[in-house]
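Raw contents of coords36.txt, compact mmCIF, C-alpha atoms:
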```
# COMPACT_ATOMS: atom_id res chain seq x y z
CA MET A 557 -37.42 -116.39 23.42
CA SER A 558 -40.16 -115.06 25.72
CA VAL A 559 -43.50 -116.73 26.13
CA VAL A 560 -46.67 -114.58 26.17
CA PRO A 561 -49.69 -116.02 28.00
CA ALA A 562 -52.71 -116.84 25.85
CA ASP A 563 -54.96 -114.84 28.17
CA ALA A 564 -53.01 -111.71 27.39
CA LEU A 565 -53.43 -112.26 23.66
CA GLN A 566 -57.14 -112.94 23.99
CA GLY A 567 -57.60 -109.81 26.08
CA ALA A 568 -55.68 -107.67 23.66
CA ALA A 569 -57.59 -108.83 20.61
CA PRO A 570 -60.91 -107.13 21.43
CA ALA A 571 -59.11 -103.90 22.19
CA ALA A 572 -57.33 -104.00 18.85
CA GLU A 573 -60.50 -104.87 17.04
CA GLY A 574 -62.39 -102.09 18.73
CA HIS A 575 -59.65 -99.64 17.80
CA VAL A 576 -59.78 -100.65 14.16
CA ALA A 577 -63.55 -100.66 13.94
CA GLY A 578 -63.93 -97.15 15.37
CA PRO A 579 -64.31 -94.48 12.64
CA ALA A 580 -61.49 -91.97 12.41
CA GLU A 581 -62.45 -88.41 13.20
CA LEU A 582 -61.86 -85.88 10.43
CA GLY A 583 -60.60 -82.42 11.15
CA PRO A 584 -62.96 -79.48 10.75
CA ARG A 585 -63.27 -77.95 7.31
CA ALA A 586 -61.24 -74.78 6.88
CA ARG A 587 -63.18 -71.58 7.30
CA LEU A 588 -63.56 -69.06 4.49
CA TRP A 589 -61.43 -66.15 5.74
CA PRO A 590 -58.35 -68.14 6.86
CA SER A 591 -58.51 -70.10 3.61
CA LEU A 592 -58.90 -66.90 1.62
CA ALA A 593 -55.87 -65.35 3.32
CA ALA A 594 -53.76 -68.45 2.65
CA VAL A 595 -54.72 -68.62 -1.03
CA TYR A 596 -54.20 -64.86 -1.39
CA ARG A 597 -50.67 -65.01 0.03
CA ALA A 598 -49.76 -67.98 -2.13
CA GLN A 599 -51.13 -66.39 -5.31
CA LEU A 600 -49.55 -63.02 -4.52
CA SER A 601 -46.15 -64.68 -4.07
CA ARG A 602 -46.57 -66.55 -7.35
CA ALA A 603 -47.72 -63.44 -9.22
CA ARG A 604 -44.84 -61.41 -7.82
CA VAL A 605 -42.33 -63.79 -9.37
CA ALA A 606 -44.05 -64.58 -12.67
CA ARG A 607 -45.98 -61.43 -13.53
CA ILE A 608 -43.63 -58.51 -12.83
CA PRO A 609 -42.40 -58.32 -16.46
CA LEU A 610 -46.00 -58.33 -17.69
CA LEU A 611 -46.89 -55.59 -15.21
CA PHE A 612 -44.18 -53.42 -16.76
CA VAL A 613 -45.63 -54.19 -20.18
CA ALA A 614 -49.11 -53.17 -19.01
CA THR A 615 -47.81 -49.92 -17.50
CA PHE A 616 -45.71 -48.96 -20.51
CA GLN A 617 -48.62 -49.81 -22.79
CA SER A 618 -50.92 -47.40 -20.95
CA ILE A 619 -48.26 -44.69 -20.85
CA GLY A 620 -47.65 -45.13 -24.58
CA ILE A 621 -51.37 -44.79 -25.30
CA MET A 622 -51.50 -41.51 -23.36
CA ILE A 623 -48.51 -40.16 -25.26
CA LEU A 624 -50.21 -41.00 -28.54
CA MET A 625 -53.47 -39.44 -27.42
CA ARG A 626 -51.62 -36.28 -26.35
CA GLY A 627 -51.33 -35.33 -29.99
CA VAL A 628 -55.10 -35.60 -30.44
CA VAL A 629 -56.53 -34.45 -27.11
CA ASP A 630 -55.61 -31.07 -25.68
CA GLY A 631 -57.39 -31.08 -22.35
CA GLY A 632 -60.76 -30.82 -20.66
CA GLY A 633 -63.11 -33.76 -20.29
CA GLU A 634 -61.40 -35.74 -23.05
CA ALA A 635 -58.05 -35.59 -21.25
CA ARG A 636 -59.70 -36.78 -18.05
CA ALA A 637 -61.20 -39.74 -19.88
CA VAL A 638 -57.86 -40.66 -21.45
CA VAL A 639 -55.95 -40.56 -18.15
CA ALA A 640 -58.62 -42.40 -16.17
CA GLY A 641 -59.11 -45.02 -18.89
CA SER A 642 -55.37 -45.61 -19.24
CA ALA A 643 -54.97 -46.08 -15.49
CA VAL A 644 -57.81 -48.61 -15.27
CA LEU A 645 -56.45 -50.35 -18.38
CA VAL A 646 -53.52 -51.57 -16.27
CA VAL A 647 -56.05 -53.27 -14.00
CA ALA A 648 -57.84 -54.78 -17.00
CA PHE A 649 -54.61 -56.14 -18.49
CA VAL A 650 -53.62 -58.01 -15.32
CA ALA A 651 -56.91 -58.78 -13.58
CA LEU A 652 -58.94 -59.68 -16.66
CA ASN A 653 -56.51 -60.84 -19.32
CA LEU A 654 -53.89 -62.64 -17.24
CA LEU A 655 -56.40 -64.16 -14.82
CA ALA A 656 -58.43 -65.58 -17.69
CA GLN A 657 -55.27 -67.19 -19.06
CA TYR A 658 -54.28 -68.49 -15.62
CA PHE A 659 -57.57 -70.24 -14.89
CA GLY A 660 -57.78 -71.52 -18.46
CA GLN A 661 -54.35 -73.14 -18.16
CA LEU A 662 -55.13 -74.37 -14.64
CA ARG A 663 -58.23 -76.14 -15.88
CA ALA A 664 -56.50 -77.65 -18.90
CA SER A 665 -53.49 -78.92 -16.93
CA GLY A 666 -55.57 -80.51 -14.17
CA GLY A 667 -54.50 -77.96 -11.59
CA LEU A 668 -58.07 -77.61 -10.39
CA ASP A 669 -57.84 -81.17 -9.09
CA HIS A 670 -55.17 -80.03 -6.65
CA TYR A 671 -57.38 -77.29 -5.26
CA ALA A 672 -60.35 -79.67 -5.17
CA THR A 673 -58.45 -81.97 -2.78
CA LEU A 674 -57.75 -79.14 -0.35
CA PRO A 675 -60.25 -78.57 2.48
CA VAL A 676 -60.91 -74.98 1.40
CA PRO A 677 -64.19 -73.47 0.15
CA PRO A 678 -64.36 -72.84 -3.61
CA ALA A 679 -65.00 -69.15 -2.96
CA ALA A 680 -61.64 -68.90 -1.19
CA VAL A 681 -59.79 -70.15 -4.28
CA VAL A 682 -61.52 -67.72 -6.63
CA LEU A 683 -61.44 -64.72 -4.29
CA GLY A 684 -57.84 -65.35 -3.27
CA ALA A 685 -56.59 -65.53 -6.84
CA ALA A 686 -58.72 -62.58 -7.94
CA GLY A 687 -57.61 -60.46 -5.00
CA ALA A 688 -53.94 -61.24 -5.61
CA TYR A 689 -54.10 -60.34 -9.29
CA ALA A 690 -56.14 -57.19 -8.60
CA SER A 691 -53.85 -55.89 -5.84
CA PHE A 692 -50.83 -56.65 -8.00
CA THR A 693 -51.95 -53.90 -10.38
CA ALA A 694 -51.73 -51.08 -7.81
CA PRO A 695 -48.16 -49.86 -8.53
CA GLY A 696 -48.66 -49.70 -12.29
CA THR A 697 -52.02 -47.96 -11.94
CA VAL A 698 -50.59 -45.27 -9.65
CA VAL A 699 -47.57 -44.68 -11.90
CA THR A 700 -49.83 -44.39 -14.95
CA ALA A 701 -52.19 -41.96 -13.20
CA VAL A 702 -49.37 -39.71 -12.00
CA PHE A 703 -47.71 -39.68 -15.43
CA GLY A 704 -51.04 -38.87 -17.09
CA CYS A 705 -51.71 -35.99 -14.72
CA LEU A 706 -48.31 -34.51 -15.49
CA LEU A 707 -48.72 -35.08 -19.23
CA PHE A 708 -52.17 -33.48 -19.48
CA ASP A 709 -51.68 -30.95 -16.66
CA LEU A 710 -54.45 -32.43 -14.50
CA PRO A 711 -54.68 -31.94 -10.72
CA MET A 712 -53.44 -34.77 -8.50
CA THR A 713 -55.41 -33.64 -5.45
CA HIS A 714 -57.84 -36.55 -5.48
CA LEU A 715 -55.59 -39.38 -6.59
CA TRP A 716 -56.42 -41.02 -3.27
CA VAL A 717 -59.68 -42.18 -4.88
CA LEU A 718 -57.58 -44.89 -6.54
CA LEU A 719 -57.67 -46.63 -3.15
CA ALA A 720 -61.30 -47.40 -3.96
CA VAL A 721 -61.10 -47.63 -7.76
CA ILE A 722 -58.32 -50.24 -7.88
CA PRO A 723 -59.93 -52.88 -5.60
CA LEU A 724 -63.47 -52.37 -6.89
CA ALA A 725 -62.61 -52.28 -10.59
CA GLY A 726 -60.07 -55.03 -9.98
CA ALA A 727 -62.66 -57.26 -8.31
CA ALA A 728 -65.14 -56.76 -11.15
CA LEU A 729 -62.56 -57.43 -13.87
CA ALA A 730 -60.87 -60.28 -12.00
CA GLY A 731 -64.19 -62.02 -11.47
CA LEU A 732 -64.95 -61.65 -15.16
CA GLY A 733 -61.51 -62.92 -16.13
CA ALA A 734 -61.76 -65.93 -13.81
CA ALA A 735 -65.20 -66.80 -15.17
CA LEU A 736 -63.97 -66.59 -18.77
CA GLY A 737 -61.02 -68.81 -18.00
CA LEU A 738 -63.09 -71.42 -16.16
CA LEU A 739 -65.93 -71.53 -18.67
CA ALA A 740 -63.76 -71.62 -21.80
CA PRO A 741 -63.61 -75.17 -23.21
CA ARG A 742 -59.92 -74.83 -24.12
CA PRO A 743 -57.06 -72.63 -22.82
CA GLU A 744 -56.70 -71.06 -26.26
CA PHE A 745 -60.26 -69.77 -26.04
CA ALA A 746 -59.56 -68.44 -22.53
CA THR A 747 -56.60 -66.49 -23.89
CA LEU A 748 -58.69 -65.20 -26.79
CA LEU A 749 -61.52 -64.09 -24.52
CA GLY A 750 -59.09 -62.39 -22.16
CA GLN A 751 -57.50 -60.50 -25.05
CA LEU A 752 -60.89 -59.44 -26.38
CA GLY A 753 -61.93 -58.22 -22.94
CA MET A 754 -58.76 -56.17 -22.59
CA SER A 755 -59.24 -54.74 -26.08
CA ALA A 756 -62.77 -53.72 -25.12
CA ALA A 757 -61.42 -52.02 -21.99
CA LEU A 758 -58.88 -50.22 -24.17
CA LEU A 759 -61.24 -49.01 -26.89
CA LEU A 760 -64.25 -48.25 -24.68
CA GLY A 761 -62.37 -46.96 -21.66
CA VAL A 762 -59.56 -44.84 -23.04
CA LEU A 763 -61.33 -43.16 -25.95
CA PRO A 764 -63.48 -40.17 -24.94
CA PRO A 765 -67.16 -41.19 -24.88
CA GLU A 766 -68.21 -37.92 -26.52
CA ARG A 767 -66.71 -39.13 -29.81
CA MET A 768 -68.40 -42.54 -29.76
CA PRO A 769 -71.64 -43.47 -31.57
CA GLN A 770 -74.66 -44.15 -29.39
CA VAL A 771 -74.49 -47.90 -29.98
CA VAL A 772 -70.88 -48.00 -28.81
CA ARG A 773 -71.80 -45.98 -25.71
CA LEU A 774 -74.39 -48.59 -24.81
CA ALA A 775 -71.75 -51.31 -25.12
CA ARG A 776 -69.45 -49.18 -22.98
CA ASP A 777 -72.05 -49.11 -20.20
CA LEU A 778 -71.97 -52.92 -20.08
CA LEU A 779 -68.24 -53.06 -19.41
CA PRO A 780 -67.44 -53.35 -15.66
CA SER A 781 -64.35 -51.14 -15.86
CA THR A 782 -66.38 -48.23 -17.26
CA TYR A 783 -67.70 -47.26 -13.85
CA GLY A 784 -64.24 -47.24 -12.33
CA VAL A 785 -63.08 -45.01 -15.19
CA GLU A 786 -66.02 -42.66 -14.72
CA ALA A 787 -65.50 -42.44 -10.95
CA PHE A 788 -61.81 -41.61 -11.39
CA ALA A 789 -62.39 -39.14 -14.23
CA ARG A 790 -64.93 -37.15 -12.21
CA THR A 791 -62.34 -36.39 -9.52
CA PHE A 792 -60.25 -34.29 -11.91
CA GLY A 793 -62.82 -31.50 -11.91
CA GLY A 794 -62.55 -28.40 -9.79
CA ARG A 795 -65.52 -29.42 -7.68
CA PRO A 796 -66.13 -33.15 -8.06
CA ASP A 797 -69.69 -34.35 -7.62
CA TRP A 798 -69.00 -36.97 -4.97
CA GLY A 799 -72.53 -38.30 -5.21
CA PHE A 800 -71.90 -39.45 -8.78
CA VAL A 801 -68.44 -40.73 -7.80
CA LEU A 802 -69.93 -42.87 -5.03
CA GLY A 803 -72.68 -44.02 -7.38
CA ASP A 804 -70.16 -45.21 -9.97
CA LEU A 805 -68.14 -46.97 -7.28
CA ALA A 806 -71.30 -48.63 -5.93
CA VAL A 807 -72.16 -49.96 -9.40
CA CYS A 808 -68.60 -51.21 -9.79
CA ALA A 809 -68.84 -52.96 -6.42
CA ALA A 810 -72.16 -54.59 -7.32
CA VAL A 811 -70.76 -55.83 -10.63
CA GLY A 812 -67.75 -57.17 -8.75
CA VAL A 813 -69.94 -59.18 -6.39
CA ILE A 814 -71.92 -60.63 -9.29
CA SER A 815 -68.85 -61.47 -11.39
CA LEU A 816 -67.06 -63.13 -8.45
CA ALA A 817 -70.20 -65.15 -7.68
CA VAL A 818 -70.34 -66.31 -11.30
CA ALA A 819 -66.63 -67.19 -11.16
CA THR A 820 -67.19 -69.24 -7.99
CA TRP A 821 -70.02 -71.12 -9.68
CA ALA A 822 -67.83 -71.70 -12.73
CA TYR A 823 -65.07 -73.04 -10.46
CA ARG A 824 -67.43 -75.55 -8.83
CA ARG A 825 -68.67 -76.58 -12.26
CA ALA A 826 -65.15 -77.08 -13.63
CA ALA A 827 -63.82 -78.82 -10.51
CA VAL A 828 -66.41 -81.62 -10.54
CA ARG A 829 -65.72 -82.55 -14.16
```

Show this structure as structure tokens.
Amino acid sequence: MSVVPADALQGAAPAAEGHVAGPAELGPRARLWPSLAAVYRAQLSRARVARIPLLFVATFQSIGIMILMRGVVDGGGEARAVVAGSAVLVVAFVALNLLAQYFGQLRASGGLDHYATLPVPPAAVVLGAAGAYASFTAPGTVVTAVFGCLLFDLPMTHLWVLLAVIPLAGAALAGLGAALGLLAPRPEFATLLGQLGMSAALLLGVLPPERMPQVVRLARDLLPSTYGVEAFARTFGGRPDWGFVLGDLAVCAAVGVISLAVATWAYRRAAVR
């Protein structure tokens, strides 16, 4: 057995005490964009596995609606409204309905506590999930738009405008869906609100506005997806008025910023409870 001098122990004690007393340095808080990218990749991977069957349902639902409307609408402005509304309906089904259900279940199951412990800004969680759900709708929206153009004999020259319609309408609807899911007191209410929102997008977006009463048209103007539908429908004309198209897209973008800000506030409110 070795013997350690008492002087060595006395000299080591202050060093140990000083080491324990010193406060531990915390790492820097994650920045917004890296956190947003990480949450987006995680949510996109999750959605790819769990939501592909529902994406097929959303696409077939929109295609079925166009086939039914083909017996009522012959062409012209009404056909443009049907095709544009059916394409954006895919976005509404996934970004609004499913995202409302997701955040409602996440809040009820305590999943928000997991995100609250991560060193990521609240905006990154909301924007990452909303972006993943919105971008997940792109294939179904494109397939629906192409099928509608072939069904109603509409030109496909300006289908590239979907590159702007999908993210802007998706952001507006995803922000609304996230806010509904986070503010609903129970997951059942989140599911109900998501279904009602999708039904509103169906009735007010797919049906031609010329056949609606004035009161219903006013309600249609309050729906975020309406401006994405209008922007897309205007591009089917022979000479699209790009000023109005850009105006509709700008309104859709502004609504998206507001709805995502409300969803971020709702996330902070739900996470601290």

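Across A:Ser642, A:Gln661, A:Thr615, A:Ser591, the tightest approach to Leu739 (chain A) is made by A:Gln661 when counting only C-alpha atoms.
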
Nearest residue to Leu778 (chain A) from the set A:Gly627, A:Pro764, A:Gly753, A:Gly704 (distances using all atoms listed in the file)
A:Gly753

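Checking A:Gly761, A:Pro780, A:Gly803, A:Gly631 one by one against Ala643 (chain A), counting only C-alpha atoms, you find the shortest gap at A:Gly761.
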
Length of the CA of Val702 (chain A) to CA of Trp716 (chain A) vector [Å]:
11.3 Å

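With distances restricted to all atoms listed in the file, A:Thr700 is the closest residue to Ser618 (chain A) from A:Thr700, A:Thr747, A:Ser781, A:Thr791.
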
d(CA of Leu624 (chain A), CA of His714 (chain A)) in Å:
24.7 Å

Pairwise distance, CA of Asp630 (chain A) with CA of Phe703 (chain A), equals 15.5 Å

Pick out the residues sitting within 12 Å of Val698 (chain A), and hand them over as an NGL selection string; count only C-alpha atoms, and ignore anything fewer than 5 positions along from it in its own chain.
:A and (615 or 618-619 or 639-640 or 642-647 or 691-693 or 703-705 or 712 or 715-719 or 721-722 or 788)

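Residues lying within 12 Å of (-61.7, -77.6, -23.1). Counted over all atoms listed in the file, they are Phe659, Gly660, Gln661, Leu662, Arg663, Ala664, Ser665, Gly666, Gly737, Leu738, Leu739, Ala740, Pro741, Arg742, Pro743, Glu744, Phe745, Ala746, Ala826 and Arg829 of chain A.
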
C-alpha atoms of the current selection, written as a CSV table (one decimal), in the frame of the given file:
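As written to disk, again37.csv reads:
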```
chain,number,residue,atom,x,y,z
A,659,PHE,CA,-57.6,-70.2,-14.9
A,660,GLY,CA,-57.8,-71.5,-18.5
A,661,GLN,CA,-54.4,-73.1,-18.2
A,662,LEU,CA,-55.1,-74.4,-14.6
A,663,ARG,CA,-58.2,-76.1,-15.9
A,664,ALA,CA,-56.5,-77.6,-18.9
A,665,SER,CA,-53.5,-78.9,-16.9
A,666,GLY,CA,-55.6,-80.5,-14.2
A,737,GLY,CA,-61.0,-68.8,-18.0
A,738,LEU,CA,-63.1,-71.4,-16.2
A,739,LEU,CA,-65.9,-71.5,-18.7
A,740,ALA,CA,-63.8,-71.6,-21.8
A,741,PRO,CA,-63.6,-75.2,-23.2
A,742,ARG,CA,-59.9,-74.8,-24.1
A,743,PRO,CA,-57.1,-72.6,-22.8
A,744,GLU,CA,-56.7,-71.1,-26.3
A,745,PHE,CA,-60.3,-69.8,-26.0
A,746,ALA,CA,-59.6,-68.4,-22.5
A,826,ALA,CA,-65.2,-77.1,-13.6
A,829,ARG,CA,-65.7,-82.6,-14.2
```

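The smallest atom-to-atom distance between Glu634 (chain A) and any of A:Cys808, A:Arg767, A:Ile814, A:Leu683, using all atoms listed in the file, is found for A:Arg767.
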
Determine, for each residue of region 683-714 of chain A having at least one atom at most 12 Å from an atom of region 816-824 of chain A, the closest pair of atoms and their separation in Å to one decimal, counting only C-alpha atoms; order by chain and ascending number, as JSON lines.
```
{"residue": "A:Leu683", "atom": "CA", "partner": "A:Leu816", "partner_atom": "CA", "distance": 7.2}
{"residue": "A:Gly684", "atom": "CA", "partner": "A:Leu816", "partner_atom": "CA", "distance": 10.8}
{"residue": "A:Ala685", "atom": "CA", "partner": "A:Leu816", "partner_atom": "CA", "distance": 10.9}
{"residue": "A:Ala686", "atom": "CA", "partner": "A:Leu816", "partner_atom": "CA", "distance": 8.4}
{"residue": "A:Gly687", "atom": "CA", "partner": "A:Leu816", "partner_atom": "CA", "distance": 10.4}
```

Axis-aligned box for region 768-776 of chain A, 4 Å per side, centre and edges in Å as lines of an AutoDock Vina configuration file:
```
center_x = -71.5
center_y = -46.9
center_z = -27.3
size_x = 14.3
size_y = 16.8
size_z = 16.6
```

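With all atoms listed in the file as the basis for measurement, A:Gly731 is the residue among A:Pro765, A:Gly793, A:Pro675, A:Gly731 that approaches Val811 (chain A) most closely.
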
Completion step: region 674-688 of chain A with N, CA, C and O atoms as a short mmCIF file (atom, residue, chain, number, x, y, z; two decimals), keeping the file's coordinate frame:
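So result.cif came out as:
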```cif
data_model
loop_
_atom_site.label_atom_id
_atom_site.label_comp_id
_atom_site.auth_asym_id
_atom_site.auth_seq_id
_atom_site.Cartn_x
_atom_site.Cartn_y
_atom_site.Cartn_z
N LEU A 674 -58.01 -79.92 -1.55
CA LEU A 674 -57.75 -79.14 -0.35
C LEU A 674 -59.05 -78.85 0.39
O LEU A 674 -60.08 -78.62 -0.24
N PRO A 675 -59.02 -78.83 1.72
CA PRO A 675 -60.25 -78.57 2.48
C PRO A 675 -60.55 -77.07 2.57
O PRO A 675 -60.68 -76.51 3.66
N VAL A 676 -60.63 -76.41 1.43
CA VAL A 676 -60.91 -74.98 1.40
C VAL A 676 -62.17 -74.75 0.58
O VAL A 676 -62.44 -75.46 -0.39
N PRO A 677 -62.98 -73.76 0.93
CA PRO A 677 -64.19 -73.47 0.15
C PRO A 677 -63.83 -73.00 -1.26
O PRO A 677 -62.79 -72.36 -1.46
N PRO A 678 -64.65 -73.31 -2.25
CA PRO A 678 -64.36 -72.84 -3.61
C PRO A 678 -64.26 -71.32 -3.70
O PRO A 678 -63.46 -70.80 -4.49
N ALA A 679 -65.06 -70.61 -2.92
CA ALA A 679 -65.00 -69.15 -2.96
C ALA A 679 -63.64 -68.63 -2.55
O ALA A 679 -63.18 -67.60 -3.05
N ALA A 680 -62.96 -69.34 -1.63
CA ALA A 680 -61.64 -68.90 -1.19
C ALA A 680 -60.63 -68.97 -2.32
O ALA A 680 -59.75 -68.11 -2.44
N VAL A 681 -60.72 -70.00 -3.16
CA VAL A 681 -59.79 -70.15 -4.28
C VAL A 681 -59.98 -69.02 -5.28
O VAL A 681 -59.02 -68.36 -5.72
N VAL A 682 -61.24 -68.76 -5.64
CA VAL A 682 -61.52 -67.72 -6.63
C VAL A 682 -61.21 -66.34 -6.08
O VAL A 682 -60.53 -65.53 -6.73
N LEU A 683 -61.67 -66.05 -4.87
CA LEU A 683 -61.44 -64.72 -4.29
C LEU A 683 -59.97 -64.49 -4.00
O LEU A 683 -59.47 -63.38 -4.17
N GLY A 684 -59.26 -65.52 -3.55
CA GLY A 684 -57.84 -65.35 -3.27
C GLY A 684 -57.04 -65.04 -4.52
O GLY A 684 -56.20 -64.13 -4.53
N ALA A 685 -57.30 -65.79 -5.58
CA ALA A 685 -56.59 -65.53 -6.84
C ALA A 685 -56.98 -64.19 -7.43
O ALA A 685 -56.12 -63.42 -7.90
N ALA A 686 -58.26 -63.86 -7.41
CA ALA A 686 -58.72 -62.58 -7.94
C ALA A 686 -58.15 -61.42 -7.15
O ALA A 686 -57.71 -60.41 -7.72
N GLY A 687 -58.15 -61.52 -5.82
CA GLY A 687 -57.61 -60.46 -5.00
C GLY A 687 -56.12 -60.26 -5.22
O GLY A 687 -55.64 -59.12 -5.25
N ALA A 688 -55.37 -61.35 -5.39
CA ALA A 688 -53.94 -61.24 -5.61
C ALA A 688 -53.64 -60.55 -6.93
O ALA A 688 -52.80 -59.64 -7.01
#
```
